[in-house]
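*Asks:* Before I ask anything, here is the structure I am working with.
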Amino acid sequence: MLGWLVPLVCTFTVLVSATVLVGWAMASERLTRVVFLPGAGVMMPITAVSLLTTGCALWLLRSKPGKRLARGVGLALALLVVGLGGLVLLEYGMQRSFGIDQLLFASTVDGLAPRLPGRPSPLTAMSLMMLGFALLLLHVRTRSGWHPARPLALFVALIATQALIGYAYLEEAPLTAFIGLRAFGRYTPMALHSALLFLLLSVGILSVHPRHGLMGVLLRNDAGGLMARRLLPAVIVLPLLVWGLHLLIEELGYRGGPFGNSVFALVTVLAFVLLLARNANALSRLDARQREVAQSLRISEARLAGIVNNAADAIIAIDEQRDITLFNTGAERIFGYAAGEVLGKPMDLLLNGPLELPSPAALGTVRSDDERWRLSGRRKNGEVFPAEATLADVRVDDVAFRAVILRDMSARVRAEEARRNREALFRTAFDHAPIGMSLVGLDGHFLNVNEALGQMLGYSREEMCAVTFQDLTHPEDLEGDLFQVRRLLEGERGMYQLEKRYRHKLGHSVFVLLTASLVRDSRGEPLHFISQVQDISERKRQERDQHLLAEAGPRLASSLDLGTTVTTVSRLLVPTLADFCIVTMIDERGKVQHRECLASTQEKTQLMEELFGAYPQAHLRRGHALTEVFMSGQSLLLEDVPESLLESTAEDARHLDLLRRLAPSSIIVVPLSARGHTVGVVALGTSESGRSYGPRDLTLCEELARRAALALDNARLHARSEEATHLRDEVLRIVAHDLRAPLNVISLSAGTMMKRSPSERAADSRPLNSIQKAVTRATALIEDLLDVARMQGGGLTVDRRPESTVALLTEALELHRALAEAQSIQLQLDVSPDTPDLFVDRDRVLQLFSNLIGNALKFTPMGGSIILRASPWGEMVRCSVSDTGSGILPEDQHHLFEPFWQARSRAKEGAGLGLTIVKGITEAHGGRVWVDSQPGLGTTFYCSLPAAHSADSSLTWHV
């Protein structure tokens with residue numbers, strides 16, 4: 001209550017003492033006196049130092065359990081004060097000077113205090129010594145309970161008060177020696193500010209233990225304390241005022257007036273009567289309030305007793321010896337004891353083990369400890385149970401006790417254990433669930449995710465908890481998801497389920513079935529979402545595959561046009577399965593019939609067109625993936641496309657740059673096989689989508705390729721059917737046109753012969769010759785038609801045997817020698833000396849050269865020449881027929897070997913089957929035929945035929 005008083009007294013004492021010392025140092029009488037009143041006096045340097053030391057010592061010693069160093073310094077300062085006061089008194093008693101009075105500021109002291117230079121008054125020295133002893137005994141307490149420091153401080157207070165009253169009544173100095181102190185010489189009063197500081201320091205010492213002595217009386221909360229506090233000011237002030245008034249009247253010269261002493265006595269009595277009446281009324285009011293307080297206390301006690309007795313928890317009070325003094329009904333129910341069985345017994349009876357806490361006597365005043373202690377209780381039957389106790393240590397006057405509020409935690413422990421089991425079960429089910437599970441905050445942040453969800457999306461748990469579900473949801477699915485979330489928050493539904501897409505860490509989409517619900521607290525406020533995420537990507541792929549296969553059939557069957565079917569195949573694959581696609585149709589000779597390039601973006605489609613436009617044959621070379629798949633009929637899967645593969649495939653730097661711009665990341669190449677033969681290949685790949693193909697994708701592509709190949713083969717067969725129909729119509733046209741002429745000749749010649757007599761017929765054989773030529777021409781035409789039909793039907797047979805190259809070519813020339821001479825055309829044979837024999841069908845090869853030489857004779861002008869050459873060509877023999885005719889236009893060279901085709905610029909001669917038969921015979925021998933011609937420079941037909949040294953003479957070939 002008075003904790004602020006001691007620091008204030010110490011601070012004020014130090015400030016005043018320090019001010020005085022500064023005054024002595026500066027020879028300032030104003031600062032040494034501080035208070036300018038008549039006879040106020042000067043505080044000597046020794047007094048100022050001693051008071052300064054006393055104030056510091058009181059500051060250091062005010063708390064008993066203070067630091068050891070501070071206590072030691074405080075005691076040393078107190079001893080110093082005792083020593084200074086004792087030396088001054090000794091100087092007075094021995095009537096001599098020890099020289100301590102002028103240790104400080106000697107010259108200044110001689111000038112300002114010449115009578116006793118620097119020496120404090122005897123009462124000042126005595127007060128200093130008594131204050132020093134009081135500080136040394138500040139915390140000492142006798143067995144009877146009183147503090148020796150208090151009488152010493154009270155005596156100093158009386159001396160200081162006497163000095164202050166003397167100054168108030170303006171007593172003159174010096175006076176005669178104080179009674180009993182004649183040995184100390186004439187009486188010298190304290191300085192005014194010295195007396196004030198002595199009084200304050202005494203009050204400060206009395207305030208260190210405020211509940212004892214006079215301070216204890218004043219601070220008590222009972223009627224005596226109240227009366228003391230109310231009477232003390234009046235008891236002190238009234239006598240001083242009355243006596244001061246009396247002195248004032250005497251000073252004014254009214255000492256002999258009538259009734260003077262009786263009037264002042266009456267005034268004094270009247271003042272005390274009034275004070276008594278006032279305090280009596282105050283005591284009456286206090287008594288009334290006390291009765292009210294007592295009634296309130298009884299009500300509170302009754303209320304508290306009801307609360308204590310009916311409390312569910314055990315409320316136990318123990319005294320300083322840890323014996324039980326209160327045992328409520330809740331304690332009886334929890335421990336099984338009746339109150340009478342445990343009152344006065346130690347608290348350890350109810351505990352399973354000691355409760356290691358400080359005793360109530362060691363604690364201060366009223367204190368409440370909010371800390372809850374876990375302990376084990378023991379019931380009457382010996383059962384041990386977990387408990388939780390809250391302790392409140394209370395001190396009322398000198399009585400200390402502890403209130404123990406103990407709660408049986410058995411049910412809570414069981415509930416917590418059950419909760420922990422449920423949490424462990426939930427955590428186990430959450431962490432090890434085969435489907436993804438997550439707790440999501442109201443702002444969308446993942447609070448917790450299980451391992452299955454992290455693996456599903458490719459993120460670690462830490463990475464998932466750093467993002468929101470909005471960040472991972474596919475943009476096209478986000479709005480629908482947020483709409484369902486709003487419905488949950490608004491309470492429109494308790495849960496929702498939808499199919500959506502998450503974005504995998506690698507970039508591709510993951511289809512999931514999301515089931516989400518909202519968790520609310522006990523007040524119904526939303527806490528967080530809990531969601532279950534099932535990966536349905538496989539199901540979606542199956543549905544997509546089934547849908548794609550179901551859609552492929554009708555779309556592929558919608559057209560029999562080869563180009564339209566190829567376009568349909570590419571549009572089925574892009575962008576459903578691929579980012580880009582190449583469909584290539586290849587005929588039996590390895591030539592590209594049709595090629596379709598398609599990508600998911602227009603820029604990449606143009607890039608592919610540029611790639612295949614600049615390098616049309618690159619993908620058909622041996623070793624290329626498309627060529628190998630076409631030749632082997634086996635599909636190719638590249639789950640990852642390394643840079644080295646692009647470098648090994650590229651033709652040059654530009655080709656490599658185009659391939660890098662295409663940026664394939666995964667590739668599938670499948671053959672288009674139907675009815676036992678391969679008609680082309682399909683290559684599909686991924687790039688910007690980041691998708692990687694696997695065996696399942698390969699299986700789907702192979703199934704699509706089989707259906708596409710069947711549709712393409714149907715388109716090819718349909719084209720052949722159309723071609724066959726066209727060929728049939730052409731054959732019928734040729735037969736109708738070219739057979740009509742020989743038949744007309746035969747008819748006319750036969751009619752002529754029928755009109756002649758036998759002698760005339762015998763004399764003129766020209767009609768018969770005409771008939772013979774017409775039959776020969778018709779027979780040759782029919783044979784050519786049959787040969788073409790055999791070639792297209794695969795039934796042209798060659799019976800090969802070794803034949804002399806020179807002899808065979810010479811015979812072929814000689815067959816046309818007469819016709820050549822008739823047209824003045826020179827026939828030449830040029831056979832290289834190292835040319836091997838041929839392994840051929842003699843009659844078919846003669847037919848081949850006859851067609852080539854006959855064709856050359858038709859278009860070689862008179863005076864021209866025809867050269868038949870032969871030379872080795874690997875394992876083959878290359879033969880050629882060169883003429884000096886007008887040559888063939890480049891646009892016509894592609895159609896030379898087509899049946900019934902003839903250049904428009906040339907006259908109609910024959911059926912147009914000669915070169916077709918040449919090609920069929922050459923290919924039947926395993927060779928090939930080609931042409932090299934320039935307009936105006938002549939034409940050369942080349943054909944390769946097998947050499948005899950590398951073949952089996954008994955082998956028969958069919959085409």
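Chain labels run A, B, ... following the order of the structure tokens; each chain numbers its residues from 1, and ligands are numbered from 1 in the order shown.
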Hey, what's within 12 Å of stretch 421-427 of chain A if we count only C-alpha atoms and toss same-chain stuff fewer than 3 positions away? As number ranges by chain, please?
*Replies:* A: 413-418, 430-433, 437-439, 448-451
*Asks:* Stretch 399-446 of chain A: which residues are strand (DSSP E or B) by DSSP, as a list in words?
*Replies:* Val399, Ala400, Phe401, Arg402, Ala403, Val404, Ile405, Leu406, Arg407, Asp408, Gly436, Met437, Ser438, Leu439, Val440, His445 and Phe446 of chain A
*Asks:* Run DSSP on the backbone and give me the residues of stretch 367-443 of chain A it puts in helix (DSSP H, G or I), as a list in words.
*Replies:*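 The helix (DSSP H, G or I) subset of stretch 367-443 of chain A is Ser410, Ala411, Arg412, Val413, Arg414, Ala415, Glu416, Glu417, Ala418, Arg419, Arg420, Asn421, Arg422, Glu423, Ala424, Leu425, Phe426, Arg427, Thr428, Ala429, Phe430 and Asp431 of chain A.
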*Asks:* Report the distance between atom CA of A:Ser97 and atom CA of A:Leu128 in Å, rounded to one decimal place.
*Replies:*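 Computing it gives 18.3 Å between the two atoms.
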*Asks:* Identify which of the residues A:Thr13, A:Ser509, A:Gln542, A:Thr515 lies closest to A:Gly494, counting only C-alpha atoms when measuring atom-to-atom distances.
*Replies:*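 Selected residue with least distance to A:Gly494: A:Thr515.
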*Asks:* So, with only C-alpha atoms as the atoms that count, which of A:Leu712, A:Leu196, A:Leu75, A:Leu87 lies closest to A:Gly680?
*Replies:*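 Among A:Leu712, A:Leu196, A:Leu75, A:Leu87, it is A:Leu712 that comes nearest to A:Gly680.
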